Amino acid sequence: MASEKHTTILDVFEALEQRLSLKWVASLKSTNRVIEHSSNSSRTETLAGPLNYIHPNRLQIIGQTEMDYLNDMSSDARNDALRRLFIARPAAVFLSDDQDPDVEILEAATKSKTPLITTPVSDIQLLAHLNYHLSIALAEHTSVHGVFLEVLGMGVLVTGSASVGKSELALELINRGSRLIADDAPEFSRIAPDIIEGRCPPLLQDFLEVRGLGIINVRAMYGDSAIKHNKYLRLMIKLLKMNDNELSQLDRLAGTHATTHLLGLDIPEVTVPVAPGRNLAILVETAVRNHIMRLKGYDAAANFIERQQQAIEIGSKSK
């Protein structure tokens, strides 16, 4: 089941501290202020943005323009503006462009226990980094049973019932140059309207369970090049055990193509029959190559049917 995440201002600070040269200048103990994107939130609420009193952002940014605006106010109006800024209890207030907070801002932040953070980067750069980080940290996410790999440059999730051979297939694919992202329980997040990203839970990082061999460390055994940290999910391969009768009933021209609904998106899915004597690694690689060709507009089955029709027409004319 999909769920929504939350993060804290400390998580954001630690993730972006070095990249943005962040400095925490007030309310150091208020590290647990939560940032979340609830489906029940007002449509006017945004997570990060320039100074806004009417619809306060969870992360308020004061750039040079906003600071000039505050400084042009009368003393009473400025104090009232600062009061409204901090009474809204933002998760944090950021000062961009290497601005030093004055006494009034420091006092207001300290009194309201609001984290006050400075950075030398511009407000535009700061906003871009914050929104990108939060889009990933707060993305709707779910976990799916299977093995997630990079096969021929494409993110492929291999699914199937227990003991169908997913891990053994993954091991063979790794030997053929594919890279492991996550075994057993990869985590997927919808980080954009049309993009689902998969990654490995920290506890399972680098490990692959192979029946009969137990847990193996793929990175230690095959090197760093055999591991991929994350990848966009583009294709699902479903392994399905079939007997001869079930195999004979498959569409021999088009194969078995479908879609699986995940986090609000339809992900292409190819069913690969599991039967004695079938080389699953080659079949999966071929399925990926075929999917790439279909994305480019080429459909082998349609091409074959077209040739067949042309042959029939030529035969009819020669009679």
# chains A, B, ... in the order shown; residues from 1 in each chain; ligands from 1
call {"tool": "closest_atom_pairs", "arguments": {"of": "segment 213-261 of chain A", "to": "segment 151-161 of chain A", "cutoff": "7 Å", "atoms": "only C-alpha atoms", "output": "JSON lines"}}
result
{"residue": "A:Lys231", "atom": "CA", "partner": "A:Gly155", "partner_atom": "CA", "distance": 5.6}
{"residue": "A:Tyr232", "atom": "CA", "partner": "A:Gly155", "partner_atom": "CA", "distance": 5.6}
{"residue": "A:Leu233", "atom": "CA", "partner": "A:Gly155", "partner_atom": "CA", "distance": 4.8}
{"residue": "A:Arg234", "atom": "CA", "partner": "A:Gly155", "partner_atom": "CA", "distance": 5.5}
{"residue": "A:Leu235", "atom": "CA", "partner": "A:Val156", "partner_atom": "CA", "distance": 5.0}
{"residue": "A:Met236", "atom": "CA", "partner": "A:Leu157", "partner_atom": "CA", "distance": 4.7}
{"residue": "A:Ile237", "atom": "CA", "partner": "A:Val158", "partner_atom": "CA", "distance": 4.8}
{"residue": "A:Lys238", "atom": "CA", "partner": "A:Thr159", "partner_atom": "CA", "distance": 4.8}
{"residue": "A:Leu239", "atom": "CA", "partner": "A:Gly160", "partner_atom": "CA", "distance": 4.9}
{"residue": "A:Leu240", "atom": "CA", "partner": "A:Gly160", "partner_atom": "CA", "distance": 6.3}
call {"tool": "residues_around", "arguments": {"residues": "Asp183 of chain A", "least_positions_apart": "6", "cutoff": "9 Å", "atoms": "only C-alpha atoms", "output": "list in words"}}
result
His145, Gly146, Val147, Phe148, Leu149, Ser167, Ala170, Cys200, Leu204, Gln205, Asp206, Phe207, Leu208 and Glu209 of chain A
call {"tool": "closest_residue", "arguments": {"among": "A:Ile136, A:Ala26, A:Gly264, A:Ala77", "to": "Val103 of chain A", "atoms": "only C-alpha atoms"}}
result
A:Ala26
call {"tool": "select_by_dssp", "arguments": {"residues": "segment 90-241 of chain A", "states": "helix (DSSP H, G or I)", "output": "PyMOL selection string"}}
result
chain A and resi 103-112+123-137+166-175+202-204+218-222+224-226
call {"tool": "residues_around", "arguments": {"residues": "Leu171 of chain A", "least_positions_apart": "4", "cutoff": "12 Å", "atoms": "only C-alpha atoms", "output": "VMD selection string"}}
result
chain A and resid 147 to 149 165 to 167 175 to 180 183 207 to 211 213 215 to 218 221 to 222 226 to 227 280 to 281
call {"tool": "write_last_selection", "arguments": {"atoms": "N, CA and C atoms", "output": "compact mmCIF listing (two decimals), in the first residue's frame"}}
result
# COMPACT_ATOMS: atom_id res chain seq x y z
N VAL A 147 12.85 -8.32 -7.33
CA VAL A 147 14.25 -7.92 -7.47
C VAL A 147 14.31 -6.79 -8.49
N PHE A 148 14.91 -5.67 -8.08
CA PHE A 148 15.00 -4.50 -8.96
C PHE A 148 16.43 -4.41 -9.49
N LEU A 149 16.55 -4.36 -10.82
CA LEU A 149 17.86 -4.37 -11.47
C LEU A 149 17.93 -3.31 -12.56
N GLY A 165 12.39 -18.35 -8.82
CA GLY A 165 13.74 -18.22 -9.39
C GLY A 165 14.18 -16.79 -9.62
N LYS A 166 13.59 -15.82 -8.93
CA LYS A 166 13.92 -14.41 -9.14
C LYS A 166 15.39 -14.10 -8.80
N SER A 167 15.83 -14.56 -7.64
CA SER A 167 17.19 -14.25 -7.22
C SER A 167 18.23 -14.96 -8.08
N ASN A 175 25.95 -11.53 -13.60
CA ASN A 175 27.11 -12.14 -14.27
C ASN A 175 27.22 -11.69 -15.72
N ARG A 176 26.10 -11.30 -16.31
CA ARG A 176 26.08 -10.88 -17.71
C ARG A 176 26.19 -9.36 -17.85
N GLY A 177 26.41 -8.64 -16.72
CA GLY A 177 26.65 -7.20 -16.80
C GLY A 177 25.56 -6.31 -16.25
N SER A 178 24.45 -6.90 -15.81
CA SER A 178 23.40 -6.09 -15.20
C SER A 178 23.84 -5.65 -13.80
N ARG A 179 23.11 -4.72 -13.22
CA ARG A 179 23.47 -4.21 -11.89
C ARG A 179 22.30 -4.35 -10.93
N LEU A 180 22.61 -4.79 -9.71
CA LEU A 180 21.60 -4.97 -8.67
C LEU A 180 21.30 -3.64 -8.00
N ASP A 183 17.14 -6.33 -3.69
CA ASP A 183 16.55 -7.66 -3.67
C ASP A 183 15.46 -7.71 -2.61
N PHE A 207 23.00 -6.75 -0.76
CA PHE A 207 22.77 -8.17 -0.48
C PHE A 207 21.76 -8.80 -1.44
N LEU A 208 22.00 -10.07 -1.72
CA LEU A 208 21.11 -10.87 -2.56
C LEU A 208 20.98 -12.24 -1.93
N GLU A 209 19.74 -12.69 -1.74
CA GLU A 209 19.51 -14.02 -1.16
C GLU A 209 19.30 -15.03 -2.29
N VAL A 210 20.13 -16.05 -2.30
CA VAL A 210 20.03 -17.11 -3.31
C VAL A 210 19.81 -18.43 -2.59
N ARG A 211 18.71 -19.09 -2.90
CA ARG A 211 18.39 -20.34 -2.21
C ARG A 211 19.49 -21.36 -2.41
N LEU A 213 22.52 -21.01 -1.36
CA LEU A 213 23.77 -20.30 -1.09
C LEU A 213 23.64 -19.34 0.09
N ILE A 215 22.78 -15.70 1.90
CA ILE A 215 22.97 -14.29 1.59
C ILE A 215 24.36 -14.08 1.01
N ILE A 216 24.43 -13.40 -0.13
CA ILE A 216 25.73 -13.05 -0.70
C ILE A 216 25.81 -11.53 -0.83
N ASN A 217 27.03 -11.01 -0.71
CA ASN A 217 27.27 -9.58 -0.86
C ASN A 217 27.73 -9.35 -2.29
N VAL A 218 26.85 -8.80 -3.09
CA VAL A 218 27.14 -8.62 -4.52
C VAL A 218 28.28 -7.64 -4.74
N MET A 221 31.55 -9.32 -3.92
CA MET A 221 31.87 -10.42 -4.82
C MET A 221 32.15 -9.95 -6.24
N TYR A 222 31.40 -8.95 -6.71
CA TYR A 222 31.52 -8.53 -8.12
C TYR A 222 32.08 -7.13 -8.30
N ALA A 226 28.76 -3.61 -10.03
CA ALA A 226 27.61 -4.52 -10.04
C ALA A 226 26.43 -3.98 -9.24
N ILE A 227 26.62 -2.80 -8.63
CA ILE A 227 25.58 -2.22 -7.78
C ILE A 227 25.16 -0.86 -8.34
N LEU A 280 16.25 -17.96 -18.80
CA LEU A 280 15.50 -16.78 -18.37
C LEU A 280 16.30 -15.49 -18.53
N ALA A 281 17.62 -15.55 -18.31
CA ALA A 281 18.43 -14.34 -18.43
C ALA A 281 18.38 -13.79 -19.84
call {"tool": "atom_distance", "arguments": {"atom1": "atom CA of Arg294 of chain A", "atom2": "atom CA of Pro268 of chain A"}}
result
11.0 Å
call {"tool": "atom_distance", "arguments": {"atom1": "atom CA of Gly63 of chain A", "atom2": "atom CA of Asp100 of chain A"}}
result
11.3 Å
call {"tool": "residues_around", "arguments": {"residues": "Pro273 of chain A", "least_positions_apart": "2", "cutoff": "10 Å", "atoms": "only C-alpha atoms", "output": "NGL selection string"}}
result
:A and (238-243 or 246-247 or 250 or 256 or 270-271 or 275-276 or 278 or 280 or 283)
call {"tool": "write_last_selection", "arguments": {"atoms": "N, CA and C atoms", "output": "short mmCIF file (atom, residue, chain, number, x, y, z; two decimals), in the first residue's frame"}}
result
data_model
loop_
_atom_site.label_atom_id
_atom_site.label_comp_id
_atom_site.auth_asym_id
_atom_site.auth_seq_id
_atom_site.Cartn_x
_atom_site.Cartn_y
_atom_site.Cartn_z
N LYS A 238 7.30 -10.28 -15.12
CA LYS A 238 6.63 -11.22 -14.22
C LYS A 238 6.99 -12.65 -14.61
N LEU A 239 7.64 -13.36 -13.70
CA LEU A 239 7.98 -14.77 -13.92
C LEU A 239 6.79 -15.63 -13.50
N LEU A 240 6.35 -16.50 -14.40
CA LEU A 240 5.16 -17.31 -14.13
C LEU A 240 5.41 -18.75 -14.56
N LYS A 241 5.30 -19.66 -13.61
CA LYS A 241 5.46 -21.08 -13.93
C LYS A 241 4.28 -21.55 -14.79
N MET A 242 4.60 -22.25 -15.89
CA MET A 242 3.57 -22.74 -16.80
C MET A 242 3.90 -24.16 -17.24
N ASN A 243 2.84 -24.95 -17.43
CA ASN A 243 3.03 -26.29 -17.99
C ASN A 243 2.92 -26.21 -19.51
N GLU A 246 -0.39 -24.74 -20.83
CA GLU A 246 -0.50 -23.28 -20.66
C GLU A 246 0.40 -22.55 -21.65
N LEU A 247 1.58 -23.10 -21.89
CA LEU A 247 2.49 -22.49 -22.85
C LEU A 247 1.89 -22.48 -24.25
N LEU A 250 -0.45 -19.48 -25.18
CA LEU A 250 0.02 -18.10 -25.24
C LEU A 250 -0.05 -17.57 -26.67
N THR A 256 2.94 -11.82 -24.14
CA THR A 256 2.02 -11.41 -23.07
C THR A 256 2.44 -10.07 -22.52
N VAL A 270 5.71 -7.44 -18.79
CA VAL A 270 5.84 -8.57 -19.70
C VAL A 270 5.88 -9.84 -18.87
N THR A 271 5.06 -10.81 -19.21
CA THR A 271 5.08 -12.10 -18.51
C THR A 271 6.03 -13.05 -19.23
N ALA A 275 9.77 -22.44 -17.43
CA ALA A 275 9.61 -23.85 -17.75
C ALA A 275 11.00 -24.46 -17.92
N PRO A 276 11.14 -25.76 -17.72
CA PRO A 276 12.44 -26.42 -17.86
C PRO A 276 13.07 -26.14 -19.23
N ARG A 278 14.34 -23.29 -20.36
CA ARG A 278 14.30 -21.91 -20.85
C ARG A 278 15.36 -21.07 -20.16
N LEU A 280 16.25 -17.96 -18.80
CA LEU A 280 15.50 -16.78 -18.37
C LEU A 280 16.30 -15.49 -18.53
N LEU A 283 16.04 -14.39 -22.03
CA LEU A 283 14.67 -13.98 -22.30
C LEU A 283 14.39 -12.59 -21.71
#
call {"tool": "decode", "arguments": {"residues": "segment 83-111 of chain A", "atoms": "C-alpha atoms", "output": "PDB file, in the first residue's frame"}}
result
ATOM      1  CA  ARG A  83       5.556  38.654  14.180  1.00  0.00           C
ATOM      2  CA  ARG A  84       3.268  37.304  11.435  1.00  0.00           C
ATOM      3  CA  LEU A  85       6.188  35.460   9.839  1.00  0.00           C
ATOM      4  CA  PHE A  86       7.148  33.536  12.962  1.00  0.00           C
ATOM      5  CA  ILE A  87       3.685  33.117  14.495  1.00  0.00           C
ATOM      6  CA  ALA A  88       2.808  30.922  11.491  1.00  0.00           C
ATOM      7  CA  ARG A  89       5.354  28.406  12.883  1.00  0.00           C
ATOM      8  CA  PRO A  90       7.249  27.584   9.694  1.00  0.00           C
ATOM      9  CA  ALA A  91       9.528  24.553   9.912  1.00  0.00           C
ATOM     10  CA  ALA A  92      12.421  26.947   9.274  1.00  0.00           C
ATOM     11  CA  VAL A  93      13.322  30.344   7.880  1.00  0.00           C
ATOM     12  CA  PHE A  94      16.199  30.569   5.388  1.00  0.00           C
ATOM     13  CA  LEU A  95      18.232  33.688   4.648  1.00  0.00           C
ATOM     14  CA  SER A  96      19.842  33.487   1.215  1.00  0.00           C
ATOM     15  CA  ASP A  97      22.619  35.533  -0.453  1.00  0.00           C
ATOM     16  CA  ASP A  98      24.894  35.379   2.624  1.00  0.00           C
ATOM     17  CA  GLN A  99      22.668  37.766   4.588  1.00  0.00           C
ATOM     18  CA  ASP A 100      23.290  38.161   8.298  1.00  0.00           C
ATOM     19  CA  PRO A 101      20.093  38.261  10.396  1.00  0.00           C
ATOM     20  CA  ASP A 102      19.627  41.429  12.406  1.00  0.00           C
ATOM     21  CA  VAL A 103      18.773  41.527  16.095  1.00  0.00           C
ATOM     22  CA  GLU A 104      14.990  41.643  15.533  1.00  0.00           C
ATOM     23  CA  ILE A 105      14.994  38.552  13.298  1.00  0.00           C
ATOM     24  CA  LEU A 106      17.259  36.642  15.694  1.00  0.00           C
ATOM     25  CA  GLU A 107      15.053  37.533  18.655  1.00  0.00           C
ATOM     26  CA  ALA A 108      11.853  36.578  16.807  1.00  0.00           C
ATOM     27  CA  ALA A 109      13.333  33.242  15.711  1.00  0.00           C
ATOM     28  CA  THR A 110      14.628  32.472  19.194  1.00  0.00           C
ATOM     29  CA  LYS A 111      11.389  33.463  20.919  1.00  0.00           C
TER      30      LYS A 111
END
